[in-house]
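Have a look at data.cif; it's mmCIF, C-alpha atoms:
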data_input
loop_
_atom_site.label_atom_id
_atom_site.label_comp_id
_atom_site.auth_asym_id
_atom_site.auth_seq_id
_atom_site.Cartn_x
_atom_site.Cartn_y
_atom_site.Cartn_z
CA MET O 1 170.03 -100.68 -51.34
CA LYS O 2 173.05 -102.94 -50.76
CA VAL O 3 176.31 -101.13 -49.99
CA ILE O 4 179.89 -102.34 -49.46
CA ILE O 5 182.23 -100.08 -47.49
CA ILE O 6 185.95 -100.92 -47.57
CA GLY O 7 187.87 -99.53 -44.62
CA ALA O 8 186.34 -98.67 -41.24
CA GLY O 9 188.57 -95.80 -40.16
CA GLY O 10 187.24 -92.28 -39.61
CA VAL O 11 185.42 -91.91 -42.96
CA GLY O 12 184.40 -95.56 -43.26
CA TYR O 13 182.94 -95.82 -39.77
CA VAL O 14 180.82 -92.68 -40.18
CA ALA O 15 179.70 -93.85 -43.62
CA ALA O 16 178.63 -97.22 -42.21
CA GLU O 17 176.88 -95.57 -39.25
CA THR O 18 174.97 -93.24 -41.59
CA LEU O 19 173.89 -95.78 -44.19
CA ALA O 20 173.11 -98.66 -41.82
CA GLU O 21 169.94 -96.85 -40.71
CA LEU O 22 168.33 -97.44 -44.09
CA HIS O 23 170.47 -99.73 -46.23
CA ASP O 24 171.99 -103.22 -46.15
CA VAL O 25 175.69 -102.56 -45.46
CA MET O 26 178.76 -104.82 -45.51
CA VAL O 27 182.03 -103.48 -44.10
CA ILE O 28 185.40 -104.94 -45.12
CA GLU O 29 188.20 -104.15 -42.67
CA ILE O 30 191.67 -105.72 -42.43
CA ASP O 31 192.32 -104.72 -38.79
CA SER O 32 190.68 -107.37 -36.58
CA ASP O 33 190.22 -105.01 -33.60
CA ILE O 34 188.46 -102.39 -35.71
CA ALA O 35 186.38 -105.06 -37.44
CA GLU O 36 185.21 -106.38 -34.06
CA LEU O 37 184.36 -102.88 -32.87
CA VAL O 38 182.24 -102.22 -35.93
CA LYS O 39 180.48 -105.58 -35.57
CA ASN O 40 179.57 -104.83 -31.96
CA ARG O 41 178.42 -101.24 -32.47
CA LEU O 42 176.71 -101.09 -35.85
CA ASN O 43 173.94 -103.00 -37.58
CA VAL O 44 176.15 -104.14 -40.47
CA SER O 45 177.79 -107.34 -41.64
CA VAL O 46 181.58 -107.34 -41.29
CA LEU O 47 184.26 -109.14 -43.29
CA ASN O 48 187.69 -109.15 -41.61
CA GLU O 49 189.80 -109.28 -44.78
CA ASP O 50 192.11 -107.21 -46.99
CA GLY O 51 189.84 -104.96 -49.05
CA THR O 52 192.50 -104.48 -51.74
CA ASN O 53 192.66 -108.19 -52.54
CA PRO O 54 190.92 -108.82 -55.92
CA ARG O 55 189.66 -112.22 -54.75
CA ILE O 56 188.05 -110.68 -51.64
CA ILE O 57 186.45 -107.89 -53.70
CA GLN O 58 184.99 -110.35 -56.19
CA GLN O 59 183.73 -112.59 -53.40
CA ALA O 60 182.07 -109.65 -51.63
CA LEU O 61 180.41 -108.40 -54.82
CA GLU O 62 179.00 -111.84 -55.56
CA THR O 63 177.76 -112.66 -52.06
CA HIS O 64 176.46 -109.22 -51.07
CA LYS O 65 175.12 -108.33 -54.54
CA ALA O 66 176.09 -104.71 -53.90
CA ASP O 67 174.63 -101.73 -55.74
CA VAL O 68 177.27 -99.33 -54.38
CA ILE O 69 180.88 -99.75 -53.23
CA ILE O 70 182.53 -97.03 -51.14
CA THR O 71 186.28 -97.22 -50.53
CA THR O 72 187.64 -95.29 -47.54
CA MET O 73 191.09 -96.74 -46.85
CA LYS O 74 194.06 -94.61 -45.78
CA ARG O 75 195.82 -94.80 -49.16
CA ASP O 76 194.22 -92.83 -51.96
CA ASP O 77 195.74 -95.04 -54.65
CA SER O 78 194.21 -98.13 -53.01
CA ASN O 79 190.77 -96.51 -53.02
CA LEU O 80 191.02 -95.65 -56.72
CA PHE O 81 192.33 -99.13 -57.57
CA VAL O 82 189.48 -100.91 -55.77
CA CYS O 83 186.85 -98.76 -57.51
CA LEU O 84 188.36 -99.45 -60.93
CA LEU O 85 188.51 -103.18 -60.19
CA ALA O 86 184.93 -103.27 -58.86
CA LYS O 87 183.66 -101.53 -61.99
CA ARG O 88 185.48 -104.08 -64.13
CA LEU O 89 183.97 -106.99 -62.18
CA LYS O 90 180.48 -105.44 -62.06
CA PRO O 91 180.04 -102.65 -64.64
CA ASN O 92 176.69 -101.40 -63.30
CA ILE O 93 177.90 -100.89 -59.71
CA VAL O 94 178.22 -97.32 -58.40
CA THR O 95 181.81 -96.72 -57.29
CA VAL O 96 182.72 -94.10 -54.68
CA ALA O 97 186.31 -93.31 -53.68
CA SER O 98 187.38 -91.24 -50.68
CA VAL O 99 190.62 -89.30 -51.20
CA THR O 100 192.65 -86.83 -49.14
CA ASN O 101 195.32 -85.64 -51.59
CA PRO O 102 193.99 -83.24 -54.28
CA ASP O 103 196.40 -84.84 -56.77
CA TYR O 104 194.26 -88.01 -56.67
CA ILE O 105 191.03 -86.28 -57.71
CA ILE O 106 190.80 -87.67 -61.25
CA PRO O 107 188.00 -87.38 -63.86
CA THR O 108 184.93 -89.48 -63.08
CA SER O 109 182.34 -91.26 -65.20
CA THR O 110 180.24 -88.07 -65.33
CA GLN O 111 183.17 -86.60 -67.29
CA GLU O 112 183.14 -89.61 -69.64
CA TYR O 113 185.98 -91.45 -67.89
CA PRO O 114 184.43 -94.79 -66.87
CA GLY O 115 185.66 -96.49 -63.72
CA ILE O 116 185.03 -94.16 -60.81
CA ASP O 117 181.59 -92.60 -60.48
CA ILE O 118 182.04 -90.34 -57.43
CA ILE O 119 185.04 -88.98 -55.56
CA ILE O 120 184.56 -87.51 -52.09
CA SER O 121 187.15 -85.69 -50.02
CA PRO O 122 186.02 -84.63 -46.54
CA GLU O 123 189.26 -82.68 -46.02
CA LEU O 124 188.87 -80.64 -49.20
CA ILE O 125 185.16 -80.07 -48.54
CA THR O 126 186.06 -78.81 -45.05
CA ALA O 127 188.62 -76.42 -46.55
CA GLU O 128 186.07 -75.13 -49.08
CA MET O 129 183.50 -74.52 -46.32
CA MET O 130 186.10 -72.74 -44.19
CA TYR O 131 187.07 -70.57 -47.16
CA ARG O 132 183.45 -69.46 -47.53
CA LEU O 133 183.18 -68.78 -43.80
CA CYS O 134 186.36 -66.69 -43.92
CA THR O 135 185.11 -64.58 -46.82
CA LEU O 136 181.48 -64.26 -45.65
CA GLU O 137 182.18 -62.18 -42.56
CA ASN O 138 178.65 -62.47 -41.11
CA ALA O 139 178.26 -66.21 -41.75
CA LEU O 140 178.24 -68.80 -38.97
CA ALA O 141 177.58 -71.83 -41.18
CA TYR O 142 177.86 -72.65 -44.87
CA GLU O 143 176.78 -75.69 -46.88
CA ASN O 144 177.25 -76.16 -50.61
CA ILE O 145 174.54 -77.84 -52.73
CA SER O 146 176.69 -78.22 -55.83
CA SER O 147 174.29 -80.48 -57.75
CA PHE O 148 171.75 -77.64 -57.79
CA ASN O 149 174.23 -74.76 -58.18
CA MET O 150 173.16 -73.39 -54.80
CA ALA O 151 174.46 -72.96 -51.28
CA VAL O 152 172.99 -72.33 -47.83
CA ALA O 153 174.44 -69.92 -45.29
CA ILE O 154 173.39 -68.85 -41.80
CA PHE O 155 174.10 -65.17 -41.15
CA GLU O 156 174.14 -63.58 -37.70
CA VAL O 157 172.64 -60.11 -37.25
CA ASN O 158 175.01 -58.06 -35.07
CA GLN O 159 174.30 -54.76 -33.35
CA TYR O 160 175.63 -52.74 -36.30
CA SER O 161 173.71 -54.55 -39.04
CA ASN O 162 171.75 -52.61 -41.67
CA PHE O 163 168.94 -55.17 -41.33
CA ILE O 164 167.88 -54.39 -37.75
CA GLY O 165 164.20 -53.43 -37.76
CA GLU O 166 163.75 -54.50 -41.40
CA ILE O 167 161.08 -56.97 -42.53
CA VAL O 168 162.72 -60.19 -43.70
CA MET O 169 161.18 -60.20 -47.19
CA ASN O 170 162.56 -56.70 -47.85
CA THR O 171 166.19 -57.82 -47.43
CA TYR O 172 166.46 -59.91 -50.60
CA SER O 173 165.32 -60.25 -54.19
CA LEU O 174 163.76 -63.54 -55.29
CA GLY O 175 165.92 -63.43 -58.40
CA ASP O 176 169.00 -63.88 -56.22
CA CYS O 177 168.21 -65.79 -53.05
CA SER O 178 165.64 -66.34 -50.32
CA VAL O 179 165.57 -66.23 -46.52
CA ILE O 180 163.93 -69.54 -45.64
CA ALA O 181 164.21 -69.64 -41.84
CA LEU O 182 165.16 -67.59 -38.81
CA TYR O 183 166.75 -68.73 -35.54
CA ARG O 184 165.86 -66.63 -32.47
CA ASN O 185 166.42 -67.50 -28.81
CA ASN O 186 166.88 -71.21 -29.56
CA GLU O 187 163.68 -71.30 -31.64
CA LEU O 188 163.48 -71.98 -35.36
CA PHE O 189 160.86 -70.10 -37.42
CA PHE O 190 159.92 -71.06 -40.99
CA GLN O 191 157.20 -68.58 -41.98
CA VAL O 192 159.51 -65.59 -41.68
CA ASP O 193 158.71 -63.28 -44.60
CA THR O 194 156.82 -60.73 -42.49
CA MET O 195 158.95 -61.02 -39.33
CA GLU O 196 160.97 -58.04 -38.12
CA ILE O 197 164.71 -58.66 -37.77
CA HIS O 198 166.26 -58.26 -34.30
CA VAL O 199 169.84 -58.14 -33.04
CA GLY O 200 171.11 -61.68 -32.52
CA ASP O 201 168.80 -63.26 -35.09
CA ARG O 202 170.34 -65.85 -37.37
CA LEU O 203 169.02 -65.84 -40.93
CA CYS O 204 169.14 -69.02 -43.02
CA VAL O 205 169.58 -67.98 -46.66
CA ILE O 206 169.62 -70.12 -49.82
CA GLY O 207 171.00 -68.86 -53.12
CA SER O 208 173.97 -68.85 -55.46
CA GLN O 209 177.43 -68.22 -54.03
CA GLU O 210 177.44 -64.77 -55.62
CA ALA O 211 174.03 -63.93 -54.12
CA LEU O 212 175.16 -65.01 -50.65
CA GLN O 213 178.22 -62.78 -50.96
CA ARG O 214 175.99 -59.82 -51.88
CA TYR O 215 173.67 -60.58 -48.97
CA ASN O 216 176.63 -60.68 -46.59
CA GLU O 217 177.81 -57.26 -47.79
CA ALA O 218 174.30 -55.78 -47.62
CA MET O 219 174.10 -56.70 -43.93
CA TRP O 220 177.16 -54.46 -43.32
CA VAL O 221 180.65 -55.72 -42.64
CA GLU O 222 182.42 -54.25 -39.62
CA THR O 223 185.84 -55.80 -40.29
CA THR O 224 186.75 -57.13 -43.73
CA SER O 225 188.61 -60.45 -43.61
CA ARG O 226 192.06 -59.38 -44.77
CA ASP O 227 194.44 -60.77 -42.13
CA ILE O 228 193.83 -64.53 -41.77
CA VAL O 229 195.83 -66.92 -39.57
CA ILE O 230 195.64 -70.70 -40.10
CA LEU O 231 196.86 -72.96 -37.29
CA GLY O 232 198.08 -76.35 -38.51
CA GLY O 233 199.71 -77.46 -41.76
CA THR O 234 197.20 -80.26 -42.31
CA ILE O 235 195.65 -81.05 -45.70
CA VAL O 236 192.73 -78.83 -44.70
CA GLY O 237 195.06 -76.00 -43.68
CA MET O 238 197.10 -76.18 -46.88
CA HIS O 239 194.07 -76.29 -49.15
CA LEU O 240 192.39 -73.44 -47.27
CA ALA O 241 195.56 -71.33 -47.59
CA THR O 242 195.63 -72.06 -51.34
CA LEU O 243 192.03 -70.94 -51.79
CA LEU O 244 192.54 -67.74 -49.80
CA ALA O 245 195.74 -66.89 -51.68
CA LYS O 246 193.90 -67.23 -55.01
CA ASP O 247 191.01 -65.01 -53.89
CA ASP O 248 190.37 -61.81 -55.85
CA LYS O 249 190.69 -59.68 -52.72
CA LYS O 250 194.18 -59.11 -51.37
CA ARG O 251 194.56 -61.09 -48.16
CA TYR O 252 197.46 -61.54 -45.79
CA VAL O 253 197.45 -65.29 -45.11
CA ARG O 254 199.73 -66.90 -42.51
CA LEU O 255 199.95 -70.65 -41.91
CA ILE O 256 201.67 -71.68 -38.66
CA GLU O 257 203.10 -75.19 -38.30
CA LYS O 258 205.43 -76.74 -35.72
CA ASN O 259 207.16 -79.28 -37.98
CA GLU O 260 210.15 -77.62 -39.65
CA ALA O 261 210.49 -80.07 -42.54
CA HIS O 262 206.80 -79.75 -43.35
CA CYS O 263 207.15 -75.95 -43.31
CA ARG O 264 209.92 -76.15 -45.91
CA GLU O 265 207.70 -78.38 -48.08
CA MET O 266 204.73 -76.00 -47.75
CA SER O 267 206.96 -73.02 -48.61
CA ARG O 268 207.78 -74.81 -51.86
CA LEU O 269 204.16 -75.72 -52.65
CA LEU O 270 202.18 -72.67 -51.53
CA THR O 271 202.35 -69.31 -53.29
CA GLY O 272 201.19 -66.09 -51.67
CA VAL O 273 201.12 -67.62 -48.17
CA VAL O 274 203.47 -66.75 -45.30
CA ILE O 275 204.67 -69.96 -43.64
CA VAL O 276 205.63 -69.60 -39.97
CA ASN O 277 207.55 -72.40 -38.26
CA GLY O 278 206.75 -72.57 -34.55
CA ASP O 279 204.54 -73.86 -31.77
CA PHE O 280 201.43 -71.67 -31.80
CA THR O 281 200.43 -72.90 -28.33
CA GLU O 282 203.44 -71.01 -26.92
CA PRO O 283 202.69 -67.47 -25.63
CA ASP O 284 205.90 -66.07 -27.15
CA LEU O 285 204.89 -67.03 -30.68
CA GLN O 286 201.30 -65.90 -30.08
CA SER O 287 202.65 -62.50 -29.08
CA SER O 288 205.31 -62.15 -31.79
CA GLU O 289 202.87 -63.12 -34.56
CA ASN O 290 199.97 -61.25 -32.91
CA ILE O 291 197.71 -64.11 -34.00
CA PHE O 292 194.76 -63.19 -31.80
CA ARG O 293 194.55 -59.74 -33.41
CA SER O 294 193.94 -61.21 -36.85
CA ASP O 295 190.62 -60.69 -38.63
CA VAL O 296 190.03 -64.45 -38.74
CA LEU O 297 191.70 -67.25 -36.79
CA VAL O 298 191.24 -70.77 -38.18
CA SER O 299 192.33 -73.84 -36.21
CA VAL O 300 192.61 -77.01 -38.31
CA THR O 301 195.01 -79.31 -36.47
CA ASN O 302 194.28 -83.04 -36.23
CA GLN O 303 193.85 -82.74 -32.45
CA ASP O 304 190.44 -81.68 -31.18
CA ASP O 305 191.80 -80.62 -27.79
CA THR O 306 194.40 -78.35 -29.43
CA ASN O 307 191.76 -76.75 -31.66
CA LEU O 308 189.54 -76.20 -28.62
CA LEU O 309 192.38 -74.67 -26.59
CA MET O 310 193.33 -72.22 -29.34
CA CYS O 311 189.73 -71.20 -29.94
CA MET O 312 189.13 -70.55 -26.25
CA SER O 313 192.34 -68.49 -26.10
CA ALA O 314 191.16 -66.48 -29.10
CA GLN O 315 187.83 -65.87 -27.34
CA LYS O 316 189.71 -64.49 -24.33
CA TYR O 317 191.45 -61.97 -26.59
CA ASP O 318 188.22 -61.09 -28.46
CA THR O 319 189.47 -62.25 -31.86
CA ASN O 320 187.07 -60.89 -34.47
CA LYS O 321 186.13 -64.28 -36.00
CA ILE O 322 187.12 -67.81 -34.92
CA ILE O 323 186.66 -70.90 -37.09
CA SER O 324 187.51 -74.47 -36.10
CA ARG O 325 186.90 -78.05 -37.03
CA TYR O 326 186.43 -81.07 -34.80
CA LEU O 327 187.03 -84.70 -35.72
CA LYS O 328 185.27 -86.61 -32.93
CA LYS O 329 181.55 -85.93 -32.68
CA GLU O 330 181.84 -86.06 -28.87
CA TYR O 331 183.60 -82.68 -29.09
CA LYS O 332 180.62 -80.95 -30.70
CA ASP O 333 178.86 -80.27 -27.40
CA ILE O 334 182.09 -79.03 -25.81
CA PHE O 335 182.68 -76.55 -28.64
CA MET O 336 179.05 -75.41 -28.50
CA PHE O 337 179.19 -75.04 -24.69
CA THR O 338 182.06 -72.55 -25.00
CA GLY O 339 179.94 -70.40 -27.32
CA LEU O 340 181.95 -71.18 -30.44
CA ALA O 341 179.41 -71.01 -33.25
CA THR O 342 181.54 -71.28 -36.40
CA ILE O 343 182.63 -74.92 -36.22
CA ILE O 344 182.68 -77.73 -38.77
CA GLY O 345 182.28 -81.38 -37.82
CA PHE O 346 184.00 -84.16 -39.74
CA ASN O 347 181.16 -86.51 -38.93
CA GLY O 348 178.52 -84.23 -40.50
CA ILE O 349 180.48 -83.74 -43.71
CA VAL O 350 181.01 -87.46 -44.25
CA SER O 351 177.39 -88.22 -43.43
CA ASN O 352 176.12 -85.68 -45.97
CA GLU O 353 178.49 -86.85 -48.69
CA VAL O 354 177.74 -90.57 -48.40
CA SER O 355 173.99 -89.86 -48.28
CA LYS O 356 174.30 -88.10 -51.64
CA CYS O 357 176.00 -91.19 -53.07
CA VAL O 358 172.84 -93.27 -52.59
CA MET O 359 170.37 -90.48 -53.33
CA SER O 360 168.58 -92.51 -55.97
CA GLU O 361 166.73 -94.07 -53.03
CA SER O 362 167.37 -91.53 -50.28
CA LYS O 363 165.70 -88.16 -50.84
CA VAL O 364 167.70 -86.35 -48.16
CA LEU O 365 169.91 -83.76 -49.84
CA LEU O 366 171.62 -82.12 -46.89
CA ARG O 367 171.57 -82.17 -43.10
CA MET O 368 172.30 -79.02 -41.14
CA ARG O 369 174.20 -78.89 -37.84
CA ASN O 370 171.13 -80.13 -35.95
CA HIS O 371 170.53 -83.63 -37.31
CA ASP O 372 166.74 -83.21 -37.67
CA GLU O 373 167.08 -80.01 -39.70
CA LEU O 374 167.42 -81.13 -43.28
CA PHE O 375 166.79 -80.38 -46.93
CA PHE O 376 165.10 -83.00 -49.09
CA VAL O 377 164.06 -83.18 -52.73
CA HIS O 378 160.47 -83.68 -53.92
CA GLU O 379 160.02 -84.68 -57.58
CA VAL O 380 156.90 -83.17 -59.15
CA THR O 381 155.00 -85.67 -61.34
CA ASP O 382 151.41 -85.61 -62.59
CA HIS O 383 150.54 -87.58 -59.41
CA SER O 384 152.23 -85.09 -57.07
CA LYS O 385 150.06 -83.02 -54.75
CA LEU O 386 151.95 -79.93 -55.97
CA TYR O 387 151.34 -80.60 -59.65
CA ASP O 388 149.72 -77.67 -61.50
CA LYS O 389 149.26 -75.67 -58.28
CA TYR O 390 150.45 -72.16 -57.49
CA TYR O 391 152.84 -71.59 -54.62
CA GLY O 392 150.53 -68.91 -53.20
CA ASP O 393 147.64 -71.39 -52.97
CA LEU O 394 149.57 -73.88 -50.83
CA VAL O 395 148.90 -74.20 -47.13
CA VAL O 396 152.33 -75.15 -45.82
CA PRO O 397 152.28 -76.50 -42.24
CA GLU O 398 154.62 -75.21 -39.53
CA GLY O 399 158.07 -76.74 -39.57
CA ILE O 400 158.24 -76.88 -43.38
CA ARG O 401 159.50 -74.38 -45.98
CA ILE O 402 159.72 -74.74 -49.76
CA ALA O 403 163.17 -73.29 -50.33
CA SER O 404 163.63 -73.48 -54.07
CA ILE O 405 162.56 -75.13 -57.32
CA TYR O 406 165.14 -76.56 -59.71
CA ARG O 407 163.76 -76.37 -63.25
CA GLN O 408 165.66 -77.01 -66.48
CA GLY O 409 169.01 -76.38 -64.82
CA GLN O 410 167.93 -73.15 -63.15
CA ALA O 411 167.09 -72.34 -59.53
CA ILE O 412 163.77 -70.60 -58.95
CA TYR O 413 162.90 -69.01 -55.61
CA PRO O 414 159.10 -69.24 -55.58
CA ALA O 415 156.80 -66.21 -55.50
CA MET O 416 153.04 -66.31 -54.95
CA ASP O 417 152.38 -66.76 -58.71
CA THR O 418 154.96 -69.52 -59.23
CA LYS O 419 153.29 -72.61 -60.67
CA PHE O 420 154.62 -76.13 -60.10
CA ILE O 421 155.01 -78.15 -63.30
CA GLU O 422 155.96 -81.73 -64.09
CA GLY O 423 159.69 -82.29 -63.84
CA ASP O 424 160.28 -79.69 -61.12
CA ARG O 425 162.65 -80.75 -58.35
CA VAL O 426 161.44 -78.98 -55.24
CA ILE O 427 163.95 -78.41 -52.44
CA VAL O 428 162.25 -78.43 -49.04
CA PHE O 429 163.65 -77.43 -45.63
CA THR O 430 162.17 -79.01 -42.49
CA ASN O 431 163.00 -79.81 -38.88
CA MET O 432 160.98 -83.05 -39.01
CA ILE O 433 158.59 -82.11 -36.18
CA ASN O 434 155.50 -82.35 -38.38
CA SER O 435 155.44 -85.74 -40.12
CA LYS O 436 151.70 -85.51 -40.80
CA GLY O 437 152.18 -82.12 -42.40
CA LEU O 438 154.95 -83.50 -44.61
CA SER O 439 152.73 -86.36 -45.77
CA LYS O 440 149.82 -84.02 -46.42
CA VAL O 441 151.79 -81.77 -48.77
CA PHE O 442 154.40 -84.12 -50.28
CA GLY O 443 152.82 -87.55 -49.91
CA ARG O 444 153.81 -90.59 -47.88
CA ASN O 445 157.48 -91.28 -47.37
CA ALA O 446 158.33 -87.72 -48.35
CA VAL O 447 161.66 -88.18 -46.60
CA SER O 448 162.88 -91.72 -47.04
CA GLU O 449 165.24 -91.53 -44.07
CA SER O 450 162.53 -90.53 -41.59
#
As structure tokens, how would this structure be written, given the file I've shared?
Amino acid sequence: MKVIIIGAGGVGYVAAETLAELHDVMVIEIDSDIAELVKNRLNVSVLNEDGTNPRIIQQALETHKADVIITTMKRDDSNLFVCLLAKRLKPNIVTVASVTNPDYIIPTSTQEYPGIDIIISPELITAEMMYRLCTLENALAYENISSFNMAVAIFEVNQYSNFIGEIVMNTYSLGDCSVIALYRNNELFFQVDTMEIHVGDRLCVIGSQEALQRYNEAMWVETTSRDIVILGGTIVGMHLATLLAKDDKKRYVRLIEKNEAHCREMSRLLTGVVIVNGDFTEPDLQSSENIFRSDVLVSVTNQDDTNLLMCMSAQKYDTNKIISRYLKKEYKDIFMFTGLATIIGFNGIVSNEVSKCVMSESKVLLRMRNHDELFFVHEVTDHSKLYDKYYGDLVVPEGIRIASIYRQGQAIYPAMDTKFIEGDRVIVFTNMINSKGLSKVFGRNAVSES
């Protein structure tokens, strides 16, 4: 597939890096230094021009013969404009706009408003994920699979959990969700139904948002997330505060920001949120606001080192739950080294979102925190090796788990007597260690990005 990416900043660079592995990518970037950097580091063609210029857009569409155009410039209005123009110049092109301000999320072609096919917002997606992590007290990770009305969460079994000593398959109902994998002592197990649950295990569960909430509560919740502190009045912080304030459960939400003018603006915009103006890195404010005694501390500044510092301070004071984001992928290992498990990487979110934009050719649906752990979609046809077979008759190799079947708009979590029929979209979880096994069950090129 041929893809044009306009803008090579944070979102654009990650998008180009992700898609260049499989697709023919052209990057348009007005900054000559950034354009040169991209040219030297990535396997893409680079055009050092103004991506908002109609003449440049038309020229790029004609020469590159693009199937998809992704706009990732700093200004949301520029991204929307370029997508609308590209659709006018080439009606069959897929247009993708990246936006940061929720006000710029407008109806797309799927809602019968031609012009923009897909809108992605890494900041708002991060806020949504953090909201789920705040409200699912036992969850360390959360990923939404909105196109299939499902989500995936990883729950940690603590020493007080109701599930200790239970057999995995007895902790859920197939009508609601399914435990598809278990992490134990740095090992990942897929055939987990008959395993006994131990303290420290991490259970990977797929299901609806409501089912995941019920599973979280069934595990036992030691401290309900009522008192939540958000550090940083960024777009992520503001949107997260909005989501928490609208939640059905009564929550005491505080957002701490150093910039006084921005605090006044947030006080005007946010309802049900306490805005605190001050420097949260200062011990006096930490003490007066008692931020490390909150149920959940969330650090969402635009500085990775500040987020890391605040999370490590919270660890020192044994804060019940700590959530952070990081912008530069180089910080992932540092966060992990400190033992911080509930972290969200900007790079991973962008990579997942842009992969979905070209999913007509790429079967990868979602990548987990470890790059090789992924979900992909297998379409069942009359030529498929699953066609007309029962789930219980399959011999599924190690490293592979059939997570769910999407049939006629409904998610099915397969039991032994579940039969695969034509038209099923099978969601598979794998860590990619068994390529022969994947080919044996799902055919050659089961995962087009492998």
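Coordinates place atom CA of O:Val426 at a distance of 17.4 Å from atom CA of O:Gln191.
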Compare O:Glu379, O:Glu123, O:Glu62, O:Asp295 by their minimum atom-to-atom distance to O:Asn320, counting only C-alpha atoms, and give me the closest one. O:Asp295
Residues near O:Tyr331, cut-off 9 Å, only C-alpha atoms, skip fewer than 6 positions along chain, as a VMD selection string: chain O and resid 304 to 305 308 345
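Here the PyMOL selection byres ((chain O and resi 155) around 8) captures the residues Asn138, Ala139, Leu140, Ala141, Ala153, Ile154, Glu156, Val157, Arg202, Leu203, Cys204, Val205 and Asn216 of chain O.
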Run the PyMOL selection byres ((chain O and resi 423) around 12) mentally over the shown coordinates, then write out the matched residues as a list in words, using the chain letters and numbers from the document. Val377, His378, Glu379, Val380, Thr381, Asp382, His383, Ser384, Leu386, Tyr387, Asp388, Ile405, Tyr406, Arg407, Gln408, Gly409, Phe420, Ile421, Glu422, Asp424, Arg425 and Val426 of chain O
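Atom CA of O:His64 lies 15.9 Å from atom CA of O:Leu22.
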Quick one: residues within 10 Å of O:Ile30, all atoms listed in the file, excluding same-chain residues fewer than 5 positions away - as an MDAnalysis selection string? chainID O and resid 6:8 35 47:52
Those same residues - C-alpha atoms - I'd like them written as a tab-separated table (two decimals), in the coordinates of the input.
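The file below, selection-v8.tsv, is the result:
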chain	number	residue	atom	x	y	z
O	6	ILE	CA	185.95	-100.92	-47.57
O	7	GLY	CA	187.87	-99.53	-44.62
O	8	ALA	CA	186.34	-98.67	-41.24
O	35	ALA	CA	186.38	-105.06	-37.44
O	47	LEU	CA	184.26	-109.14	-43.29
O	48	ASN	CA	187.69	-109.15	-41.61
O	49	GLU	CA	189.80	-109.28	-44.78
O	50	ASP	CA	192.11	-107.21	-46.99
O	51	GLY	CA	189.84	-104.96	-49.05
O	52	THR	CA	192.50	-104.48	-51.74
Please enumerate the residues selected by the PyMOL selection byres ((chain O and resi 324) around 7) when evaluated against the supplied file, formatted as a list in words. Val298, Ser299, Val300, Asn307, Ile322, Ile323, Arg325, Tyr326, Thr342, Ile343 and Ile344 of chain O
Go through stretch 302-407 of chain O residue by residue and, counting only C-alpha atoms, keep those with an atom at most 9 Å from stretch 83-98 of chain O; for each kept residue give the shortest atom pair and its distance in Å to one decimal, ordered by chain and increasing number, as JSON lines.
{"residue": "O:Val354", "atom": "CA", "partner": "O:Val96", "partner_atom": "CA", "distance": 8.8}
{"residue": "O:Cys357", "atom": "CA", "partner": "O:Val96", "partner_atom": "CA", "distance": 7.5}
{"residue": "O:Val358", "atom": "CA", "partner": "O:Val94", "partner_atom": "CA", "distance": 8.9}
Please measure the separation of atom CA of O:Val296 and atom CA of O:Phe335, giving the value in Å to one decimal. 17.4 Å
Surrounding residues of O:Met219 excluding itself and chain neighbours under 6 positions, 12 Å, all atoms listed in the file, as a list in words: Leu136, Glu137, Asn138, Ala139, Phe155, Glu156, Val157, Asn158, Gln159, Tyr160, Ser161, Asn162, Phe163, Ile164, Glu166, Val168, Thr171, Tyr172, Ile197, Val199, Arg202, Leu203, Leu212 and Gln213 of chain O
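Take the candidates O:Met73, O:Ile5, O:Met130, O:Cys311 and check each one against O:Leu61 using all atoms listed in the file; the shortest distance goes to O:Ile5.
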With a distance cut-off of 12 Å and only C-alpha atoms, select the neighbouring residues of O:Ile427, excluding the residue or stretch itself and same-chain residues fewer than 6 positions from it, and output the selection as a ChimeraX atom specification. /O:145,147-148,150-152,180,206-207,363-366,374-380,400-407,411-414,442,446-447
Residues of stretch 323-410 of chain O within 10 Å of stretch 314-318 of chain O: nearest atom pair and distance (Å, one decimal) for each, counting all atoms listed in the file, sorted by chain and number, as a tab-separated table?
residue	atom	partner	partner_atom	distance
O:Thr338	CA	O:Gln315	CA	9.1
O:Gly339	CA	O:Gln315	CA	9.1
O:Leu340	CA	O:Gln315	CA	8.5
Once you have the residues from the selection above, write them out as a PDB file, in the frame of the given file, restricted to C-alpha atoms.
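Final output, saved to part.pdb:
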ATOM      1  CA  THR O 338     182.060 -72.550 -25.000  1.00  0.00           C
ATOM      2  CA  GLY O 339     179.940 -70.400 -27.320  1.00  0.00           C
ATOM      3  CA  LEU O 340     181.950 -71.180 -30.440  1.00  0.00           C
TER       4      LEU O 340
END
What's around O:Phe280 at 9 Å? Count all atoms listed in the file, leave out sequence neighbours fewer than 6 positions away in its own chain, and write the answer as JSON, numbers by chain. {"O": [231, 232, 256, 257, 258, 286, 291, 310]}
With only C-alpha atoms as the basis for distance, which of O:Leu244, O:Val68, O:Ala20, O:Ile167 is at the shortest distance from O:Ile4? O:Val68
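Here the question is which of O:Asn434, O:Pro122, O:Tyr391, O:Tyr113 gets nearest to O:Asn352 using all atoms listed in the file, and that residue is O:Pro122.
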Name the closest residue to O:Phe429 among the candidates O:Leu285, O:Ala127, O:Val236, O:Met368; distances are taken between atoms, counting only C-alpha atoms. O:Met368
